[in-house]
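A.B. asks: Please find upload19.cif (mmCIF, C-alpha atoms) on the next line:
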```cif
data_run
loop_
_atom_site.label_atom_id
_atom_site.label_comp_id
_atom_site.auth_asym_id
_atom_site.auth_seq_id
_atom_site.Cartn_x
_atom_site.Cartn_y
_atom_site.Cartn_z
CA MET B 1 4.75 54.24 -251.28
CA GLU B 2 5.60 57.26 -249.16
CA LYS B 3 4.82 56.79 -245.47
CA CYS B 4 2.71 59.37 -243.67
CA HIS B 5 2.86 60.20 -239.98
CA TRP B 6 -0.49 60.28 -238.20
CA ASN B 7 -1.95 60.66 -234.74
CA ALA B 8 -3.36 57.13 -234.45
CA GLY B 9 -6.21 58.03 -232.06
CA LEU B 10 -7.33 61.00 -234.14
CA THR B 11 -7.06 58.99 -237.36
CA ILE B 12 -9.26 56.20 -235.98
CA ALA B 13 -11.87 58.67 -234.73
CA MET B 14 -12.05 60.33 -238.15
CA LEU B 15 -12.30 56.99 -239.93
CA ILE B 16 -15.08 55.79 -237.64
CA GLY B 17 -17.12 58.84 -238.60
CA VAL B 18 -16.71 57.90 -242.25
CA ALA B 19 -17.45 54.22 -241.65
CA LEU B 20 -20.67 54.88 -239.75
CA SER B 21 -22.11 56.79 -242.68
CA ALA B 22 -21.12 54.09 -245.17
CA GLN B 23 -23.12 51.09 -246.27
CA SER B 24 -21.96 47.65 -245.26
CA VAL B 25 -20.32 45.68 -248.04
CA ASP B 26 -21.14 42.18 -249.12
CA ALA B 27 -19.29 39.31 -247.54
CA ALA B 28 -15.78 39.07 -248.91
CA ASP B 29 -12.40 37.70 -247.96
CA LEU B 30 -11.15 40.09 -245.29
CA SER B 31 -7.79 38.38 -244.84
CA PRO B 32 -5.75 40.89 -246.88
CA ALA B 33 -7.30 43.85 -245.05
CA ILE B 34 -6.77 42.20 -241.65
CA SER B 35 -3.13 41.47 -242.51
CA GLU B 36 -2.59 45.07 -243.60
CA VAL B 37 -4.03 46.45 -240.37
CA ARG B 38 -2.04 43.95 -238.29
CA SER B 39 1.11 45.40 -239.85
CA VAL B 40 0.38 48.88 -238.47
CA THR B 41 3.18 50.34 -236.35
CA GLY B 42 3.74 53.90 -235.19
CA GLN B 43 3.57 55.01 -238.81
CA VAL B 44 0.21 54.60 -240.54
CA VAL B 45 0.29 54.33 -244.31
CA PRO B 46 -2.69 55.03 -246.62
CA ALA B 47 -2.91 51.32 -247.44
CA ALA B 48 -3.65 50.58 -243.76
CA GLN B 49 -6.33 53.28 -243.68
CA SER B 50 -7.96 51.78 -246.75
CA ALA B 51 -7.80 48.31 -245.22
CA TRP B 52 -9.33 49.61 -241.99
CA LYS B 53 -12.24 51.13 -243.94
CA THR B 54 -12.80 47.79 -245.67
CA LEU B 55 -13.09 46.12 -242.27
CA ALA B 56 -15.23 48.86 -240.75
CA THR B 57 -17.77 48.53 -243.57
CA ALA B 58 -17.88 44.74 -243.42
CA ASN B 59 -21.07 42.80 -242.81
CA VAL B 60 -21.88 42.09 -239.17
CA ASP B 61 -21.65 38.37 -239.89
CA GLN B 62 -17.92 38.91 -240.45
CA LEU B 63 -17.44 40.46 -237.01
CA THR B 64 -15.72 37.45 -235.46
CA ALA B 65 -13.42 37.13 -238.47
CA ILE B 66 -12.09 40.61 -237.68
CA LEU B 67 -11.90 39.82 -233.97
CA SER B 68 -9.84 36.71 -234.77
CA GLY B 69 -7.25 39.01 -236.34
CA MET B 70 -6.50 40.41 -232.88
CA LYS B 71 -4.79 37.18 -231.83
CA ASP B 72 -1.07 37.82 -231.29
CA ALA B 73 -1.40 41.32 -232.76
CA SER B 74 0.45 44.33 -231.38
CA PRO B 75 -1.49 46.59 -228.97
CA LEU B 76 -1.72 49.26 -231.67
CA ALA B 77 -3.04 46.82 -234.27
CA GLU B 78 -5.50 45.50 -231.68
CA ASN B 79 -6.81 49.04 -231.23
CA TRP B 80 -7.35 49.43 -234.96
CA LEU B 81 -9.10 46.08 -235.32
CA ARG B 82 -11.28 46.67 -232.28
CA SER B 83 -12.28 50.12 -233.58
CA ALA B 84 -13.23 48.58 -236.93
CA CYS B 85 -15.46 46.11 -235.07
CA ASP B 86 -16.97 48.98 -233.08
CA ALA B 87 -17.89 50.70 -236.32
CA VAL B 88 -19.48 47.50 -237.70
CA VAL B 89 -21.55 46.95 -234.54
CA GLU B 90 -22.65 50.56 -234.15
CA ARG B 91 -23.70 50.92 -237.78
CA HIS B 92 -25.59 47.61 -237.66
CA LEU B 93 -27.45 48.53 -234.46
CA ARG B 94 -28.30 51.98 -235.81
CA SER B 95 -29.99 50.35 -238.76
CA GLY B 96 -32.12 48.24 -236.42
CA GLY B 97 -30.22 45.02 -236.97
CA LYS B 98 -29.54 42.29 -234.41
CA LEU B 99 -26.13 41.00 -233.44
CA PRO B 100 -25.18 37.38 -234.27
CA VAL B 101 -25.46 36.13 -230.70
CA ASP B 102 -24.76 32.46 -231.42
CA THR B 103 -21.55 33.31 -233.25
CA LEU B 104 -20.48 35.75 -230.55
CA ARG B 105 -21.19 33.21 -227.82
CA THR B 106 -19.06 30.60 -229.56
CA PHE B 107 -16.27 33.14 -229.94
CA VAL B 108 -16.35 34.12 -226.26
CA LEU B 109 -16.00 30.47 -225.25
CA ASP B 110 -13.05 29.92 -227.59
CA SER B 111 -10.15 30.41 -225.16
CA SER B 112 -7.60 30.23 -227.98
CA GLN B 113 -8.64 33.68 -229.21
CA SER B 114 -7.22 37.00 -228.03
CA PRO B 115 -8.41 37.80 -224.48
CA ARG B 116 -9.20 41.36 -225.52
CA ALA B 117 -11.17 40.20 -228.57
CA ARG B 118 -13.16 37.75 -226.45
CA ARG B 119 -13.87 40.49 -223.94
CA SER B 120 -15.19 42.70 -226.74
CA ALA B 121 -17.44 39.90 -227.99
CA TYR B 122 -18.69 39.33 -224.44
CA GLU B 123 -19.62 42.99 -224.02
CA TRP B 124 -21.60 43.00 -227.28
CA LEU B 125 -23.25 39.74 -226.27
CA VAL B 126 -24.36 41.27 -222.95
CA LEU B 127 -25.75 44.22 -224.91
CA ALA B 128 -27.77 41.87 -227.10
CA GLU B 129 -28.70 39.36 -224.38
CA PRO B 130 -28.67 40.84 -220.85
CA GLU B 131 -28.93 37.32 -219.37
CA THR B 132 -25.50 36.44 -220.80
CA PRO B 133 -23.63 36.74 -217.43
CA ASN B 134 -25.93 34.11 -215.91
CA MET B 135 -25.34 31.82 -218.87
CA LEU B 136 -21.60 32.19 -219.44
CA LEU B 137 -19.78 33.43 -216.35
CA PRO B 138 -20.08 30.16 -214.38
CA GLU B 139 -18.06 28.53 -217.19
CA LEU B 140 -15.28 31.12 -217.07
CA LEU B 141 -13.87 30.75 -213.56
CA ASN B 142 -10.63 29.26 -214.88
CA ASP B 143 -10.47 31.28 -218.08
CA PRO B 144 -7.15 32.50 -219.51
CA SER B 145 -8.69 35.95 -220.00
CA LEU B 146 -8.01 37.80 -216.74
CA GLU B 147 -10.92 40.18 -217.34
CA LEU B 148 -13.44 37.43 -217.99
CA ARG B 149 -12.08 35.43 -215.05
CA TYR B 150 -12.44 38.49 -212.81
CA ASP B 151 -16.09 38.89 -213.83
CA ALA B 152 -16.70 35.18 -213.28
CA VAL B 153 -15.30 35.40 -209.75
CA GLU B 154 -17.42 38.49 -209.03
CA TYR B 155 -20.47 36.59 -210.26
CA LEU B 156 -19.63 33.72 -207.92
CA LEU B 157 -19.21 36.13 -205.00
CA LYS B 158 -22.76 37.38 -205.54
CA GLN B 159 -23.94 33.84 -204.90
CA VAL B 160 -22.29 33.90 -201.47
CA THR B 161 -24.92 36.25 -200.04
CA GLU B 162 -27.65 33.83 -201.12
CA ALA B 163 -26.03 30.73 -199.63
CA PRO B 164 -28.17 29.34 -196.77
CA SER B 165 -25.33 28.48 -194.35
CA ASP B 166 -21.88 29.65 -193.36
CA ASP B 167 -20.40 26.35 -194.50
CA GLN B 168 -21.83 26.77 -197.99
CA LYS B 169 -20.68 30.39 -198.07
CA ALA B 170 -17.18 29.26 -197.15
CA VAL B 171 -17.17 26.66 -199.94
CA LEU B 172 -18.09 29.33 -202.51
CA LEU B 173 -15.53 31.77 -201.13
CA GLU B 174 -12.74 29.21 -201.26
CA GLN B 175 -13.71 28.37 -204.84
CA ALA B 176 -13.55 32.07 -205.69
CA LEU B 177 -10.22 32.42 -203.88
CA HIS B 178 -8.57 29.67 -205.91
CA ALA B 179 -9.96 31.02 -209.19
CA SER B 180 -9.11 34.71 -208.73
CA ARG B 181 -5.91 36.23 -210.09
CA GLN B 182 -6.57 39.83 -209.02
CA PHE B 183 -4.78 40.97 -205.88
CA LYS B 184 -7.45 43.23 -204.38
CA GLN B 185 -10.19 40.77 -205.25
CA ILE B 186 -8.29 38.03 -203.42
CA GLN B 187 -7.79 40.28 -200.40
CA GLY B 188 -11.54 40.97 -200.32
CA ILE B 189 -12.32 37.25 -200.46
CA SER B 190 -9.86 36.63 -197.62
CA GLU B 191 -11.63 39.24 -195.49
CA GLN B 192 -14.97 37.57 -196.09
CA LEU B 193 -13.51 34.22 -195.06
CA LYS B 194 -12.17 35.76 -191.84
CA LYS B 195 -15.68 36.89 -190.94
CA LEU B 196 -16.68 33.23 -191.17
CA ASN B 197 -13.74 32.25 -188.94
CA ARG B 198 -11.95 30.67 -191.90
CA GLN B 199 -8.29 31.55 -192.41
CA ALA B 200 -6.92 31.89 -195.94
CA ASP B 201 -3.18 31.28 -196.34
CA LEU B 202 -2.53 33.97 -198.92
CA THR B 203 1.24 33.49 -198.77
CA HIS B 204 0.71 29.95 -200.05
CA GLU B 205 -2.15 30.97 -202.34
CA PHE B 206 0.06 33.45 -204.17
CA GLY B 207 3.05 31.09 -204.32
CA CYS B 208 5.38 33.32 -202.30
CA VAL B 209 8.81 31.83 -201.59
CA THR B 210 9.44 31.90 -197.86
CA GLU B 211 12.50 29.72 -197.16
CA TRP B 212 15.79 31.44 -197.90
CA ASN B 213 19.49 31.42 -197.08
CA THR B 214 20.95 34.89 -196.69
CA VAL B 215 24.37 36.46 -196.27
CA GLY B 216 25.55 40.03 -195.74
CA PRO B 217 25.57 42.91 -195.48
CA PHE B 218 28.48 43.62 -197.78
CA PRO B 219 29.57 47.27 -197.64
CA ILE B 220 28.87 49.64 -200.50
CA ALA B 221 32.20 51.23 -201.37
CA ASP B 222 30.88 53.48 -204.10
CA GLY B 223 27.76 53.94 -206.16
CA ASN B 224 24.78 51.94 -204.98
CA GLY B 225 26.20 48.41 -205.08
CA VAL B 226 23.99 47.05 -207.86
CA SER B 227 26.76 46.86 -210.45
CA THR B 228 29.53 45.92 -208.00
CA LEU B 229 30.51 42.25 -208.08
CA TYR B 230 30.58 40.68 -204.62
CA PRO B 231 31.72 37.08 -203.94
CA PRO B 232 28.20 35.47 -203.78
CA GLU B 233 27.52 36.44 -207.40
CA GLN B 234 30.90 35.34 -208.66
CA SER B 235 30.38 31.82 -207.31
CA LEU B 236 27.69 30.31 -205.11
CA ASP B 237 28.70 28.21 -202.12
CA LEU B 238 26.30 28.15 -199.18
CA ALA B 239 29.09 26.76 -196.98
CA ALA B 240 31.39 29.71 -197.73
CA THR B 241 32.20 32.54 -195.35
CA TYR B 242 33.19 36.09 -196.19
CA PRO B 243 34.98 38.86 -194.30
CA GLY B 244 32.58 41.37 -192.76
CA LYS B 245 32.70 44.47 -190.63
CA ASP B 246 32.14 42.44 -187.46
CA GLY B 247 34.00 39.26 -188.46
CA GLU B 248 33.29 36.35 -190.78
CA MET B 249 29.86 36.31 -192.43
CA ALA B 250 28.22 32.95 -193.12
CA TRP B 251 25.06 31.96 -194.91
CA LYS B 252 22.09 31.74 -192.53
CA GLU B 253 18.64 30.27 -192.92
CA ALA B 254 15.96 32.96 -193.03
CA GLN B 255 12.19 32.68 -192.99
CA ALA B 256 10.21 35.25 -194.94
CA ASP B 257 7.59 35.66 -192.25
CA GLY B 258 6.50 39.21 -193.01
CA GLU B 259 3.25 40.13 -194.70
CA LEU B 260 2.60 37.71 -197.59
CA GLY B 261 6.09 36.24 -197.45
CA GLN B 262 8.08 39.44 -197.15
CA LEU B 263 11.72 39.05 -196.10
CA ASP B 264 12.69 42.17 -194.13
CA PHE B 265 16.41 42.68 -193.55
CA CYS B 266 15.74 45.60 -191.19
CA LYS B 267 14.29 43.17 -188.65
CA THR B 268 17.75 41.78 -187.96
CA LEU B 269 20.04 44.60 -189.14
CA GLY B 270 18.12 47.67 -187.97
CA LYS B 271 16.16 50.15 -190.08
CA ASP B 272 19.16 52.43 -190.64
CA ALA B 273 21.39 49.61 -191.92
CA THR B 274 22.92 49.83 -195.39
CA GLY B 275 24.79 47.53 -197.73
CA VAL B 276 24.20 44.56 -200.02
CA MET B 277 22.38 41.38 -199.01
CA TYR B 278 22.09 38.13 -200.95
CA ALA B 279 19.27 35.61 -200.58
CA VAL B 280 19.12 32.15 -202.16
CA ALA B 281 16.18 29.75 -202.37
CA LYS B 282 15.91 26.24 -203.77
CA PHE B 283 12.77 25.68 -205.86
CA ASN B 284 11.81 22.15 -206.90
CA ALA B 285 9.81 22.07 -210.12
CA ALA B 286 7.65 19.07 -210.98
CA LYS B 287 8.53 19.43 -214.67
CA PRO B 288 10.30 21.72 -217.12
CA GLN B 289 7.97 24.64 -217.75
CA SER B 290 7.70 28.27 -218.68
CA ALA B 291 6.93 30.41 -215.64
CA GLN B 292 7.42 33.84 -214.15
CA ILE B 293 9.18 35.22 -211.12
CA ARG B 294 7.30 38.22 -209.81
CA TYR B 295 8.76 40.33 -207.03
CA GLU B 296 8.57 43.73 -205.42
CA THR B 297 11.00 45.80 -203.40
CA ASN B 298 11.95 49.41 -202.73
CA ASN B 299 15.61 48.55 -203.27
CA GLY B 300 17.98 48.02 -206.16
CA THR B 301 18.20 44.37 -207.21
CA LYS B 302 19.72 41.72 -209.40
CA LEU B 303 18.02 38.36 -209.91
CA TRP B 304 19.47 35.04 -211.10
CA LEU B 305 17.88 31.71 -211.93
CA ASN B 306 20.20 28.72 -212.06
CA GLY B 307 23.21 31.01 -212.32
CA LYS B 308 21.82 33.08 -215.21
CA LEU B 309 21.09 36.77 -214.68
CA VAL B 310 17.39 37.26 -215.55
CA ALA B 311 16.67 40.74 -214.18
CA GLU B 312 18.47 43.87 -212.99
CA ASN B 313 16.67 46.91 -211.59
CA GLU B 314 18.72 49.84 -210.38
CA VAL B 315 15.66 51.51 -208.84
CA PHE B 316 15.59 52.79 -205.27
CA HIS B 317 12.80 54.03 -203.01
CA ALA B 318 10.17 53.84 -205.72
CA GLY B 319 7.56 51.19 -206.32
CA GLY B 320 7.12 48.27 -203.99
CA ASP B 321 3.69 47.54 -205.51
CA TRP B 322 2.44 43.98 -205.79
CA ASP B 323 4.07 42.17 -208.73
CA GLN B 324 6.23 45.23 -209.39
CA TYR B 325 8.67 43.23 -211.52
CA VAL B 326 7.55 40.39 -213.80
CA VAL B 327 10.38 38.20 -215.11
CA PRO B 328 9.73 35.37 -217.63
CA ILE B 329 11.75 32.27 -216.77
CA GLN B 330 12.18 28.65 -217.75
CA LEU B 331 12.17 26.19 -214.86
CA ILE B 332 14.11 22.96 -215.23
CA ASP B 333 12.87 19.64 -213.92
CA GLY B 334 13.87 19.23 -210.29
CA GLU B 335 15.94 21.69 -208.30
CA ASN B 336 16.19 25.31 -209.43
CA THR B 337 18.25 27.95 -207.66
CA ILE B 338 16.86 31.45 -207.24
CA LYS B 339 19.35 34.11 -206.10
CA ILE B 340 18.53 37.75 -205.47
CA LYS B 341 20.80 40.66 -204.58
CA VAL B 342 19.13 43.48 -202.64
CA CYS B 343 20.95 46.79 -202.14
CA GLN B 344 20.18 49.56 -199.65
CA THR B 345 21.94 52.91 -199.78
CA LYS B 346 22.43 55.34 -196.91
CA ARG B 347 19.23 57.31 -196.23
CA THR B 348 18.00 59.56 -193.45
CA GLU B 349 14.30 59.85 -194.36
CA ASP B 350 12.09 57.41 -192.45
CA TRP B 351 10.08 56.54 -195.56
CA ALA B 352 13.26 55.46 -197.36
CA MET B 353 14.69 53.32 -194.56
CA VAL B 354 13.21 50.07 -195.86
CA TRP B 355 15.17 47.02 -196.95
CA HIS B 356 13.01 44.10 -197.93
CA PHE B 357 11.59 42.09 -200.81
CA ARG B 358 8.81 39.63 -201.59
CA LEU B 359 9.12 37.05 -204.37
CA ARG B 360 6.82 34.47 -205.89
CA VAL B 361 6.81 31.93 -208.71
CA CYS B 362 3.73 31.73 -210.91
CA ASP B 363 2.35 31.07 -214.38
CA GLU B 364 1.71 33.83 -216.92
CA LEU B 365 -1.72 34.55 -215.41
CA GLY B 366 -0.35 34.92 -211.89
CA GLY B 367 -1.46 31.51 -210.65
CA ALA B 368 0.93 30.08 -208.06
CA ILE B 369 3.47 27.41 -208.96
CA HIS B 370 4.59 25.70 -205.77
CA SER B 371 7.92 24.12 -205.00
CA GLU B 372 7.60 20.37 -204.72
CA PRO B 373 8.58 18.73 -201.41
CA ASN B 374 12.01 17.16 -201.25
CA ASN B 375 11.93 13.38 -201.55
#
```
Would you write out, as structure tokens, the structure that this file holds?

C.D. replies:
Amino acid sequence: MEKCHWNAGLTIAMLIGVALSAQSVDAADLSPAISEVRSVTGQVVPAAQSAWKTLATANVDQLTAILSGMKDASPLAENWLRSACDAVVERHLRSGGKLPVDTLRTFVLDSSQSPRARRSAYEWLVLAEPETPNMLLPELLNDPSLELRYDAVEYLLKQVTEAPSDDQKAVLLEQALHASRQFKQIQGISEQLKKLNRQADLTHEFGCVTEWNTVGPFPIADGNGVSTLYPPEQSLDLAATYPGKDGEMAWKEAQADGELGQLDFCKTLGKDATGVMYAVAKFNAAKPQSAQIRYETNNGTKLWLNGKLVAENEVFHAGGDWDQYVVPIQLIDGENTIKIKVCQTKRTEDWAMVWHFRLRVCDELGGAIHSEPNN
């Protein structure tokens, strides 16, 4: 079959118009149509359009079957499946029908489903039953859907204003703090705790690594230093020394005591300093597990875990946002070695004279994973 090139957004909009004017079809096995739509890539073939129409004209009782197809689907396929569900819901409501609230509620509470699909079901459930937030959000504080978890935390924060004492307010705020995974939301909770004379340790809450050994600066002979191999990345020996501009350079303990565990090289080297710095941290994992290293910096970097290069970003003076870089990793049981190379080139603009980084270890939702104490 010859493939056709389409504007996906325009195609969906046109198909929705057709689907809304169509009659719903009797219950049938939607699996073939769901599979066809899940296979959609940048090129949309007529077979996928036909499959989408089959889904968009399905009975409302088959809504969650279509939503289930969003699990592990590509973002584009998710869009197509969600739009088919939109067509089913809108046509059903136009005809005066009621949504299957019990089925939708069960689907929302099924954390194994696609977060986006569950969010869609939640929104339709709220439309059908406005009291849904009161019924469901208290159960979703630790949900794997970041959007549903965010709403659950916001719901909890509304209870703070109704709490009869500062102690009870603080208990609710701390519960919200531990549940939240959204940076600005957490900052807001921290501010509320401060007003109650409670101090939130956000550096610990986020899982920021603060204890490092550093060495440098190594001079940048040419380029920006990111691709140049310096001794600390050829072999790692924290007892080693290296020739430097002002004599031998040795590894030194460094505490990341800046905002939220930021390690600022300019504090010791001066804001106009340039070169390449290395920082090494030991991270003790309680068990082997999948995790993420998330870090931000305005400087070019390389990152290693247990001697394996896991990230390289030759980006300078751009970014620095929270969780700027997200790196999937696999922690081993016991001691893990994190090594980062941070490069700063010669600059004269004040805004570019920054040489720092902040790094944390977390799960895929952004929840902190803490290094275990040494025995």

A.B. asks: Can you list, as a compact mmCIF listing (two decimals) with C-alpha atoms, in the coordinates of the input, every protein, DNA or RNA residue that comes within 10 Å of Ser35 of chain B when you count all atoms listed in the file, leaving out same-chain residues fewer than 2 positions away?

C.D. replies:
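What landed in result38.txt:
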```txt
# COMPACT_ATOMS: atom_id res chain seq x y z
CA LEU B 30 -11.15 40.09 -245.29
CA SER B 31 -7.79 38.38 -244.84
CA PRO B 32 -5.75 40.89 -246.88
CA ALA B 33 -7.30 43.85 -245.05
CA VAL B 37 -4.03 46.45 -240.37
CA ARG B 38 -2.04 43.95 -238.29
CA SER B 39 1.11 45.40 -239.85
CA VAL B 40 0.38 48.88 -238.47
CA ALA B 48 -3.65 50.58 -243.76
CA ALA B 51 -7.80 48.31 -245.22
CA GLY B 69 -7.25 39.01 -236.34
CA ALA B 73 -1.40 41.32 -232.76
CA ALA B 77 -3.04 46.82 -234.27
```

A.B. asks: What gap, in Å, lies between atom CA of Trp124 of chain B and atom CA of Gln175 of chain B?

C.D. replies: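 Separation between atom CA of Trp124 of chain B and atom CA of Gln175 of chain B: 27.9 Å.
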
A.B. asks: Could you list, as a PyMOL selection string, every residue within 9 Å of Leu173 of chain B, counting all atoms listed in the file and ignoring same-chain residues fewer than 5 positions away?

C.D. replies: chain B and resi 156-157+160+168+178+189-190+192-193

A.B. asks: Once you add 5 Å to each side, what are the centre and edge lengths of the axis-aligned box holding all listed atoms of segment 323-326 of chain B? One decimal in Å, as lines of an AutoDock Vina configuration file, if you can.

C.D. replies:
```
center_x = 6.4
center_y = 42.8
center_z = -211.3
size_x = 14.6
size_y = 14.8
size_z = 15.1
```

A.B. asks: Which segment 129-222 of chain B residues have any atom within 12 Å of an atom of segment 294-299 of chain B, and for each, what is the nearest pair of atoms with distance in Å to one decimal, counting all atoms listed in the file, rows sorted by chain and number, as JSON lines?

C.D. replies:
```
{"residue": "B:Phe206", "atom": "CA", "partner": "B:Arg294", "partner_atom": "CA", "distance": 10.3}
{"residue": "B:Gly207", "atom": "CA", "partner": "B:Arg294", "partner_atom": "CA", "distance": 10.0}
{"residue": "B:Cys208", "atom": "CA", "partner": "B:Tyr295", "partner_atom": "CA", "distance": 9.1}
{"residue": "B:Val209", "atom": "CA", "partner": "B:Tyr295", "partner_atom": "CA", "distance": 10.1}
```

A.B. asks: Which one of B:Glu90, B:Asp143, B:Glu78, B:Asp61 sits closest to Ile34 of chain B if you count only C-alpha atoms?

C.D. replies: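 With only C-alpha atoms as the atom set, the closest residue is B:Glu78.
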
A.B. asks: Measure the distance from atom CA of Trp351 of chain B to atom CA of Thr301 of chain B in Å and round it to one decimal.

C.D. replies: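 According to the coordinates, atom CA of Trp351 of chain B and atom CA of Thr301 of chain B are separated by 18.7 Å.
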
A.B. asks: Around the point (26.2, 31.9, -199.1), in the coordinates given by the file, pick out the residues reaching within 7 Å, counting all atoms listed in the file, and return them as a PyMOL selection string.

C.D. replies: chain B and resi 214-215+232+236-240+250-251

A.B. asks: List as a ChimeraX atom specification: which residues have an atom within 9 Å of (-12.0, 31.1, -219.2), counting all atoms listed in the file?

C.D. replies: /B:108-111,137,139-146,148-149,152

A.B. asks: Can you turn the PyMOL selection byres ((chain B and resi 86) around 10) into a concrete residue list for this file, as a short mmCIF file (atom, residue, chain, number, x, y, z; two decimals) with C-alpha atoms, in the coordinates of the input?

C.D. replies:
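File produced: result25.cif:
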```cif
data_model
loop_
_atom_site.label_atom_id
_atom_site.label_comp_id
_atom_site.auth_asym_id
_atom_site.auth_seq_id
_atom_site.Cartn_x
_atom_site.Cartn_y
_atom_site.Cartn_z
CA ILE B 16 -15.08 55.79 -237.64
CA LEU B 20 -20.67 54.88 -239.75
CA ALA B 56 -15.23 48.86 -240.75
CA LEU B 63 -17.44 40.46 -237.01
CA TRP B 80 -7.35 49.43 -234.96
CA LEU B 81 -9.10 46.08 -235.32
CA ARG B 82 -11.28 46.67 -232.28
CA SER B 83 -12.28 50.12 -233.58
CA ALA B 84 -13.23 48.58 -236.93
CA CYS B 85 -15.46 46.11 -235.07
CA ALA B 87 -17.89 50.70 -236.32
CA VAL B 88 -19.48 47.50 -237.70
CA VAL B 89 -21.55 46.95 -234.54
CA GLU B 90 -22.65 50.56 -234.15
CA ARG B 91 -23.70 50.92 -237.78
CA HIS B 92 -25.59 47.61 -237.66
CA SER B 120 -15.19 42.70 -226.74
CA TRP B 124 -21.60 43.00 -227.28
#
```

A.B. asks: The PyMOL selection byres ((chain B and resi 339) around 7) on the file shown: which residues, as a PyMOL selection string?

C.D. replies: chain B and resi 279-281+303-305+337-338+340-341

A.B. asks: Which residues fall under the PyMOL selection byres ((chain B and resi 322-336) around 7) in this file, as a list in words?

C.D. replies: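 Taken over the shown coordinates, the PyMOL selection byres ((chain B and resi 322-336) around 7) returns Lys282, Phe283, Asn284, Ala285, Ala286, Lys287, Pro288, Gln289, Ser290, Ala291, Gln292, Ile293, Arg294, Tyr295, Glu296, Asn306, Ala311, Gly319, Gly320, Asp321, Thr337 and Ile338 of chain B.
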
A.B. asks: Take the residues from that selection and write them out as a compact mmCIF listing (two decimals), in the frame of the given file, keeping C-alpha atoms.

C.D. replies:
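part_18.txt, freshly written:
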```txt
# COMPACT_ATOMS: atom_id res chain seq x y z
CA LYS B 282 15.91 26.24 -203.77
CA PHE B 283 12.77 25.68 -205.86
CA ASN B 284 11.81 22.15 -206.90
CA ALA B 285 9.81 22.07 -210.12
CA ALA B 286 7.65 19.07 -210.98
CA LYS B 287 8.53 19.43 -214.67
CA PRO B 288 10.30 21.72 -217.12
CA GLN B 289 7.97 24.64 -217.75
CA SER B 290 7.70 28.27 -218.68
CA ALA B 291 6.93 30.41 -215.64
CA GLN B 292 7.42 33.84 -214.15
CA ILE B 293 9.18 35.22 -211.12
CA ARG B 294 7.30 38.22 -209.81
CA TYR B 295 8.76 40.33 -207.03
CA GLU B 296 8.57 43.73 -205.42
CA ASN B 306 20.20 28.72 -212.06
CA ALA B 311 16.67 40.74 -214.18
CA GLY B 319 7.56 51.19 -206.32
CA GLY B 320 7.12 48.27 -203.99
CA ASP B 321 3.69 47.54 -205.51
CA THR B 337 18.25 27.95 -207.66
CA ILE B 338 16.86 31.45 -207.24
```

A.B. asks: For a test of reading the model, state the distance in Å between atom CA of Ser95 of chain B and atom CA of Leu127 of chain B, rounded to one decimal.

C.D. replies: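 Between atom CA of Ser95 of chain B and atom CA of Leu127 of chain B the gap is 15.7 Å.
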
A.B. asks: So, counting all atoms listed in the file, which residue among B:Val342, B:Ala256, B:Leu93, B:Val354 is closest to His317 of chain B?

C.D. replies: B:Val354

A.B. asks: Fewer than 3 positions away in the same chain doesn't count, so skip those; otherwise give me all residues within 10 Å of segment 221-223 of chain B, counting all atoms listed in the file, as a PDB file with C-alpha atoms, keeping the file's coordinate frame.

C.D. replies:
```
ATOM      1  CA  PHE B 218      28.480  43.620-197.780  1.00  0.00           C
ATOM      2  CA  VAL B 226      23.990  47.050-207.860  1.00  0.00           C
ATOM      3  CA  SER B 227      26.760  46.860-210.450  1.00  0.00           C
ATOM      4  CA  THR B 228      29.530  45.920-208.000  1.00  0.00           C
ATOM      5  CA  GLY B 275      24.790  47.530-197.730  1.00  0.00           C
ATOM      6  CA  THR B 345      21.940  52.910-199.780  1.00  0.00           C
TER       7      THR B 345
END
```

A.B. asks: Just want the 12 Å neighbourhood of segment 269-273 of chain B, counted on only C-alpha atoms, with same-chain residues fewer than 5 positions away dropped. Output as a ChimeraX atom specification.

C.D. replies: /B:215-220,264,343-356

A.B. asks: Quick one: of B:Pro243, B:Pro164, B:Val60, B:Ala200, who's nearest to Lys98 of chain B, counting only C-alpha atoms?

C.D. replies: B:Val60
